[in-house]
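> Contents of protein_5.cif (mmCIF, C-alpha atoms):
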```cif
data_start
#
loop_
_atom_site.group_PDB
_atom_site.id
_atom_site.type_symbol
_atom_site.label_atom_id
_atom_site.label_comp_id
_atom_site.auth_asym_id
_atom_site.auth_seq_id
_atom_site.Cartn_x
_atom_site.Cartn_y
_atom_site.Cartn_z
ATOM 1 C CA MET A 59 174.076 -15.777 -5.311
ATOM 2 C CA PRO A 60 174.613 -17.901 -2.214
ATOM 3 C CA GLN A 61 171.511 -19.009 -0.276
ATOM 4 C CA TYR A 62 171.365 -19.328 3.475
ATOM 5 C CA GLU A 63 169.026 -21.449 5.512
ATOM 6 C CA LEU A 64 167.637 -19.871 8.653
ATOM 7 C CA ASN A 65 168.036 -21.890 11.777
ATOM 8 C CA LEU A 66 166.343 -21.487 15.140
ATOM 9 C CA ARG A 67 168.977 -19.052 16.365
ATOM 10 C CA ASP A 68 168.359 -16.815 13.356
ATOM 11 C CA TYR A 69 164.616 -16.813 14.038
ATOM 12 C CA LEU A 70 165.211 -15.893 17.657
ATOM 13 C CA ARG A 71 167.533 -13.081 16.623
ATOM 14 C CA ILE A 72 164.896 -11.712 14.215
ATOM 15 C CA PHE A 73 162.192 -11.974 16.854
ATOM 16 C CA HIS A 74 164.406 -10.198 19.385
ATOM 17 C CA LYS A 75 165.039 -7.327 16.998
ATOM 18 C CA ARG A 76 161.409 -6.957 15.925
ATOM 19 C CA LYS A 77 159.585 -8.181 18.985
ATOM 20 C CA PHE A 78 157.724 -4.899 19.530
ATOM 21 C CA THR A 79 156.477 -4.872 15.946
ATOM 22 C CA ILE A 80 155.379 -8.495 16.195
ATOM 23 C CA ILE A 81 153.651 -7.972 19.546
ATOM 24 C CA ILE A 82 151.827 -4.831 18.363
ATOM 25 C CA THR A 83 150.739 -6.574 15.157
ATOM 26 C CA PHE A 84 149.475 -9.558 17.152
ATOM 27 C CA LEU A 85 147.513 -7.307 19.514
ATOM 28 C CA LEU A 86 145.992 -5.346 16.641
ATOM 29 C CA VAL A 87 144.909 -8.510 14.840
ATOM 30 C CA THR A 88 143.474 -10.021 18.025
ATOM 31 C CA THR A 89 141.641 -6.838 19.022
ATOM 32 C CA GLY A 90 140.268 -6.359 15.522
ATOM 33 C CA SER A 91 138.979 -9.902 15.411
ATOM 34 C CA ILE A 92 137.174 -9.320 18.711
ATOM 35 C CA PHE A 93 135.563 -5.982 17.867
ATOM 36 C CA PHE A 94 134.987 -6.329 14.146
ATOM 37 C CA SER A 95 134.045 -9.969 13.767
ATOM 38 C CA PRO A 96 130.269 -10.437 13.229
ATOM 39 C CA LYS A 97 128.443 -11.230 16.433
ATOM 40 C CA PRO A 98 125.953 -14.092 16.429
ATOM 41 C CA PRO A 99 122.358 -12.826 16.398
ATOM 42 C CA PRO A 100 120.501 -13.034 19.701
ATOM 43 C CA PRO A 101 118.125 -15.993 19.990
ATOM 44 C CA ILE A 102 114.518 -15.389 18.996
ATOM 45 C CA TYR A 103 111.803 -17.214 20.906
ATOM 46 C CA LYS A 104 108.438 -17.978 19.328
ATOM 47 C CA THR A 105 105.179 -19.000 20.967
ATOM 48 C CA SER A 106 101.898 -19.813 19.250
ATOM 49 C CA THR A 107 98.278 -19.911 20.316
ATOM 50 C CA THR A 108 95.015 -20.352 18.431
ATOM 51 C CA VAL A 109 91.652 -18.626 18.407
ATOM 52 C CA LYS A 110 88.421 -20.074 17.093
ATOM 53 C CA ILE A 111 86.197 -18.071 14.792
ATOM 54 C CA GLU A 112 82.626 -18.949 15.711
ATOM 55 C CA GLN A 113 80.248 -19.359 12.797
ATOM 56 C CA ARG A 114 76.758 -17.897 13.209
ATOM 57 C CA LYS A 115 74.275 -20.771 12.925
ATOM 58 C CA THR A 116 71.222 -19.257 14.595
ATOM 59 C CA ILE A 117 68.501 -17.437 12.686
ATOM 60 C CA ALA A 118 69.475 -14.207 14.429
ATOM 61 C CA GLY A 119 73.099 -14.743 13.438
ATOM 62 C CA LEU A 120 72.249 -15.416 9.808
ATOM 63 C CA LEU A 121 70.005 -12.365 9.756
ATOM 64 C CA THR A 122 72.824 -10.278 11.228
ATOM 65 C CA GLU A 123 75.187 -11.470 8.493
ATOM 66 C CA TRP A 124 72.558 -10.581 5.888
ATOM 67 C CA ILE A 125 72.045 -7.092 7.297
ATOM 68 C CA VAL A 126 75.700 -6.356 8.161
ATOM 69 C CA TYR A 127 77.426 -6.807 4.816
ATOM 70 C CA SER A 128 80.925 -8.311 5.094
ATOM 71 C CA PRO A 129 82.615 -8.816 1.705
ATOM 72 C CA GLY A 130 85.466 -11.227 1.033
ATOM 73 C CA ASP A 131 86.807 -14.224 2.918
ATOM 74 C CA ALA A 132 85.797 -13.875 6.569
ATOM 75 C CA MET A 133 88.749 -15.904 7.860
ATOM 76 C CA ALA A 134 91.261 -13.884 5.840
ATOM 77 C CA SER A 135 89.665 -10.692 7.114
ATOM 78 C CA GLN A 136 90.023 -11.849 10.709
ATOM 79 C CA THR A 137 93.726 -12.646 10.268
ATOM 80 C CA ASN A 138 94.222 -9.062 9.095
ATOM 81 C CA ILE A 139 92.101 -7.636 11.907
ATOM 82 C CA ILE A 140 94.250 -9.393 14.526
ATOM 83 C CA LYS A 141 97.339 -7.552 13.257
ATOM 84 C CA GLY A 142 95.403 -4.340 12.731
ATOM 85 C CA PHE A 143 96.263 -1.047 14.380
ATOM 86 C CA GLN A 144 93.461 -1.027 16.955
ATOM 87 C CA ILE A 145 94.113 -4.550 18.255
ATOM 88 C CA MET A 146 97.859 -3.935 18.479
ATOM 89 C CA LYS A 147 97.290 -0.614 20.235
ATOM 90 C CA ASN A 148 95.085 -2.290 22.848
ATOM 91 C CA VAL A 149 97.733 -4.992 23.290
ATOM 92 C CA ALA A 150 100.384 -2.323 23.887
ATOM 93 C CA LEU A 151 98.122 -0.613 26.427
ATOM 94 C CA ARG A 152 97.491 -3.851 28.288
ATOM 95 C CA LEU A 153 101.189 -4.740 28.371
ATOM 96 C CA GLY A 154 102.050 -1.261 29.644
ATOM 97 C CA MET A 155 104.132 -0.395 26.598
ATOM 98 C CA ILE A 156 102.125 2.818 26.119
ATOM 99 C CA ASN A 157 99.423 4.707 27.983
ATOM 100 C CA ASP A 158 96.555 7.019 27.129
ATOM 101 C CA ASN A 159 98.879 10.025 27.304
ATOM 102 C CA SER A 160 101.584 8.620 25.025
ATOM 103 C CA PRO A 161 102.389 10.833 22.013
ATOM 104 C CA THR A 162 101.106 9.661 18.643
ATOM 105 C CA PRO A 163 104.570 8.983 17.109
ATOM 106 C CA GLU A 164 105.459 6.729 20.045
ATOM 107 C CA ILE A 165 102.159 4.857 19.738
ATOM 108 C CA HIS A 166 102.715 4.248 16.032
ATOM 109 C CA LYS A 167 106.289 3.096 16.671
ATOM 110 C CA VAL A 168 105.221 0.609 19.352
ATOM 111 C CA VAL A 169 102.307 -0.663 17.262
ATOM 112 C CA SER A 170 104.573 -1.125 14.244
ATOM 113 C CA GLY A 171 107.020 -3.115 16.367
ATOM 114 C CA LEU A 172 104.246 -5.361 17.658
ATOM 115 C CA GLN A 173 102.899 -5.939 14.165
ATOM 116 C CA SER A 174 106.335 -7.116 13.024
ATOM 117 C CA SER A 175 106.470 -9.496 16.015
ATOM 118 C CA ILE A 176 103.114 -11.128 15.269
ATOM 119 C CA GLU A 177 102.275 -13.636 12.551
ATOM 120 C CA THR A 178 98.759 -14.874 11.823
ATOM 121 C CA GLU A 179 97.602 -17.682 9.595
ATOM 122 C CA ARG A 180 94.522 -19.806 9.180
ATOM 123 C CA ILE A 181 94.904 -23.482 9.984
ATOM 124 C CA GLU A 182 93.859 -25.174 6.757
ATOM 125 C CA ARG A 183 90.289 -26.496 6.550
ATOM 126 C CA THR A 184 89.381 -25.242 10.016
ATOM 127 C CA ASN A 185 87.924 -22.115 11.555
ATOM 128 C CA LEU A 186 91.040 -21.693 13.705
ATOM 129 C CA ILE A 187 93.586 -18.894 13.377
ATOM 130 C CA LYS A 188 97.129 -19.457 14.619
ATOM 131 C CA ILE A 189 98.803 -16.489 16.317
ATOM 132 C CA THR A 190 102.602 -16.664 16.597
ATOM 133 C CA ALA A 191 104.538 -14.142 18.694
ATOM 134 C CA SER A 192 108.311 -13.562 18.555
ATOM 135 C CA ALA A 193 110.385 -12.026 21.362
ATOM 136 C CA ASP A 194 113.844 -11.983 22.930
ATOM 137 C CA ASN A 195 112.826 -14.422 25.653
ATOM 138 C CA ALA A 196 110.286 -17.187 26.002
ATOM 139 C CA LYS A 197 108.123 -15.474 28.644
ATOM 140 C CA GLN A 198 107.746 -12.291 26.595
ATOM 141 C CA ALA A 199 106.752 -14.335 23.555
ATOM 142 C CA MET A 200 104.177 -16.290 25.573
ATOM 143 C CA ASP A 201 102.737 -13.152 27.206
ATOM 144 C CA LEU A 202 102.517 -11.390 23.851
ATOM 145 C CA ALA A 203 100.740 -14.284 22.112
ATOM 146 C CA GLU A 204 98.238 -14.723 24.958
ATOM 147 C CA THR A 205 97.563 -10.984 25.191
ATOM 148 C CA VAL A 206 96.944 -10.672 21.455
ATOM 149 C CA ALA A 207 94.503 -13.592 21.567
ATOM 150 C CA SER A 208 92.708 -12.188 24.628
ATOM 151 C CA VAL A 209 92.401 -8.665 23.202
ATOM 152 C CA TYR A 210 91.154 -10.001 19.861
ATOM 153 C CA ILE A 211 88.499 -12.213 21.483
ATOM 154 C CA GLU A 212 87.208 -9.301 23.569
ATOM 155 C CA ALA A 213 87.125 -7.005 20.532
ATOM 156 C CA SER A 214 85.357 -9.695 18.500
ATOM 157 C CA LEU A 215 82.665 -10.109 21.160
ATOM 158 C CA LEU A 216 82.129 -6.354 21.316
ATOM 159 C CA GLU A 217 81.836 -6.188 17.529
ATOM 160 C CA LYS A 218 79.322 -9.045 17.464
ATOM 161 C CA THR A 219 77.292 -7.295 20.169
ATOM 162 C CA ARG A 220 77.362 -4.079 18.149
ATOM 163 C CA GLN A 221 76.260 -5.909 15.007
ATOM 164 C CA PHE A 222 73.475 -7.670 16.903
ATOM 165 C CA ARG A 223 72.201 -4.352 18.256
ATOM 166 C CA SER A 224 72.382 -2.853 14.781
ATOM 167 C CA ALA A 225 70.413 -5.783 13.368
ATOM 168 C CA ARG A 226 67.868 -5.543 16.182
ATOM 169 C CA GLN A 227 67.428 -1.815 15.587
ATOM 170 C CA PHE A 228 66.974 -2.454 11.867
ATOM 171 C CA ILE A 229 64.343 -5.125 12.536
ATOM 172 C CA GLU A 230 62.479 -2.895 14.982
ATOM 173 C CA GLU A 231 62.486 -0.040 12.465
ATOM 174 C CA GLN A 232 61.177 -2.329 9.738
ATOM 175 C CA LEU A 233 58.469 -3.681 12.047
ATOM 176 C CA SER A 234 57.463 -0.124 12.918
ATOM 177 C CA ILE A 235 57.259 0.789 9.228
ATOM 178 C CA LEU A 236 55.255 -2.341 8.439
ATOM 179 C CA GLY A 237 52.969 -1.637 11.402
ATOM 180 C CA SER A 238 52.286 1.882 10.125
ATOM 181 C CA ARG A 239 51.585 0.570 6.641
ATOM 182 C CA LEU A 240 49.250 -2.065 8.070
ATOM 183 C CA GLU A 241 47.340 0.573 10.028
ATOM 184 C CA GLU A 242 47.026 2.712 6.903
ATOM 185 C CA ALA A 243 45.773 -0.284 4.938
ATOM 186 C CA GLU A 244 43.249 -1.117 7.666
ATOM 187 C CA ASP A 245 42.044 2.502 7.708
ATOM 188 C CA ARG A 246 41.573 2.481 3.939
ATOM 189 C CA LEU A 247 39.742 -0.834 4.166
ATOM 190 C CA SER A 248 37.502 0.538 6.901
ATOM 191 C CA GLU A 249 36.727 3.628 4.829
ATOM 192 C CA PHE A 250 35.952 1.449 1.838
ATOM 193 C CA GLU A 251 33.631 -0.742 3.910
ATOM 194 C CA ASP A 252 31.883 2.374 5.256
ATOM 195 C CA LYS A 253 31.307 3.605 1.720
ATOM 196 C CA ILE A 254 29.916 0.240 0.699
ATOM 197 C CA ASN A 255 27.615 0.167 3.727
ATOM 198 C CA LYS A 256 26.394 3.696 3.014
ATOM 199 C CA ASN A 257 25.751 2.820 -0.606
ATOM 200 C CA ASP A 258 23.834 -0.256 0.499
ATOM 201 C CA GLU A 259 21.755 1.817 2.910
ATOM 202 C CA VAL A 260 20.983 4.391 0.219
ATOM 203 C CA LYS A 261 20.066 1.607 -2.172
ATOM 204 C CA GLU A 262 17.796 -0.031 0.403
ATOM 205 C CA VAL A 263 16.046 3.284 1.136
ATOM 206 C CA LYS A 264 15.598 3.923 -2.558
ATOM 207 C CA GLU A 265 14.183 0.460 -3.112
ATOM 208 C CA ALA A 266 11.832 0.916 -0.154
ATOM 209 C CA ASP A 267 10.631 4.236 -1.551
ATOM 210 C CA GLU A 268 10.023 2.652 -4.932
ATOM 211 C CA ILE A 269 8.014 -0.149 -3.326
ATOM 212 C CA ASP A 270 5.929 2.322 -1.343
ATOM 213 C CA GLU A 271 5.319 4.380 -4.449
ATOM 214 C CA ALA A 272 4.254 1.327 -6.408
ATOM 215 C CA MET A 273 1.846 0.222 -3.693
ATOM 216 C CA ASN A 274 0.335 3.677 -3.476
ATOM 217 C CA MET A 275 -0.251 3.688 -7.208
ATOM 218 C CA LYS A 276 -2.061 0.356 -6.982
ATOM 219 C CA LEU A 277 -4.284 1.625 -4.227
ATOM 220 C CA LEU A 278 -5.284 4.576 -6.354
#
```
Can the structure in the file be given as structure tokens, please?


Amino acid sequence: MPQYELNLRDYLRIFHKRKFTIIITFLLVTTGSIFFSPKPPPPIYKTSTTVKIEQRKTIAGLLTEWIVYSPGDAMASQTNIIKGFQIMKNVALRLGMINDNSPTPEIHKVVSGLQSSIETERIERTNLIKITASADNAKQAMDLAETVASVYIEASLLEKTRQFRSARQFIEEQLSILGSRLEEAEDRLSEFEDKINKNDEVKEVKEADEIDEAMNMKLL
């Protein structure tokens, strides 16, 4: 079977006959590559800040820790508290993402989104916790990180104040109980002393009577 080599004129003739098919195919391939090719993910900005967990070194602070039982690693607990529902809800309120009248499903949705945007970790061998916020732009990430830190610090101060008041109330109650017991003990001691004094008086009178009786017998 004879073979023919296609020259430039043959290619032009083929293109002329099938130009519409070629053009449509080219457009379909180009359009498909534009609409169906994977788009690059949007950039994610991250900003970090740190908060310091103050250790109670005063006698009142140690007494508060003894009265207010807190099991487990305190630093690990604080990292969880920062990402907890209440802190994230207060952050959303402060940033205007929700308000007091927002429906519960919306609140939970916003809080869940914030929790996924926040990372917390303890800086090794320190009492510092690193808070990292992620957002679509740098300013949002910075505002989110700073707001989380601010809300957590305020909540921590309120909790410490509450614990201090609880410890103070406990101490006052114990002092009141001890005071009542001391008064009861003093009353019992006073009663006992009165009995002893009365017994001594009776004994002295009896001895005096015996002496008088003995002297009278001698006189007789």

> Excluding same-chain residues fewer than 5 positions from A:Asp194, what lies within 10 Å of it counting only C-alpha atoms, as a PDB file with C-alpha atoms, in the coordinates of the input?


```pdb
ATOM      1  CA  PRO A 100     120.501 -13.034  19.701  1.00  0.00           C
ATOM      2  CA  PRO A 101     118.125 -15.993  19.990  1.00  0.00           C
ATOM      3  CA  ILE A 102     114.518 -15.389  18.996  1.00  0.00           C
ATOM      4  CA  TYR A 103     111.803 -17.214  20.906  1.00  0.00           C
ATOM      5  CA  LYS A 104     108.438 -17.978  19.328  1.00  0.00           C
ATOM      6  CA  ALA A 199     106.752 -14.335  23.555  1.00  0.00           C
TER       7      ALA A 199
END
```

> Show which residues sit within 12 Å of A:Leu153, as JSON, numbers by chain. Count all atoms listed in the file, and ignore same-chain residues fewer than 4 positions away.

{"A": [146, 147, 148, 149, 157, 168, 169, 172, 198, 201, 202, 203, 204, 205, 206, 208, 209]}

> For atom CA of A:Thr184 and atom CA of A:Ser106, determine how far apart the two atoms are, in Å to one decimal place.

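According to the coordinates, atom CA of A:Thr184 and atom CA of A:Ser106 are separated by 16.5 Å.
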
> Between A:Ser214, A:Arg152, A:Ser160, A:Glu177, which one has atoms that come closest to A:Gln136, using all atoms listed in the file?

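The answer is A:Ser214, which sits nearest to A:Gln136.
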
> Quick one: everything within 7 Å of A:Leu186, counting only C-alpha atoms, minus sequence neighbours fewer than 5 positions away in the same chain. Send it as a ChimeraX atom specification.

/A:108-111,180-181

> Between atom CA of A:Tyr210 and atom CA of A:Ser224, measure the distance and give it in Å to one decimal.

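Computed distance, atom CA of A:Tyr210 to atom CA of A:Ser224, equals 20.7 Å.
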
> Would you please work out which residue, of A:Ser238, A:Thr83, A:Thr219, A:Ser175, is nearest to A:Met200 when using all atoms listed in the file?

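For A:Met200, the nearest of the candidates is A:Ser175.
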
> Please compute the atom CA of A:Glu179-atom CA of A:Ala132 distance, one decimal, in Å.

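According to the coordinates, atom CA of A:Glu179 and atom CA of A:Ala132 are separated by 12.8 Å.
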
> Tell me which of A:Met133, A:Asn138, A:Leu247, A:Thr105 sits closest to A:Thr190, counting only C-alpha atoms.

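The shortest atom-to-atom distance to A:Thr190 comes from A:Thr105.
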
> To test the calculation: enclose all listed atoms of stretch 147-157 of chain A in a box whose edges run along x, y and z, add 8 Å on each side, then state centre and edge lengths in Å to one decimal, as JSON.


```
{"center_x": 99.6, "center_y": -0.1, "center_z": 24.9, "size_x": 25.0, "size_y": 25.7, "size_z": 25.4}
```
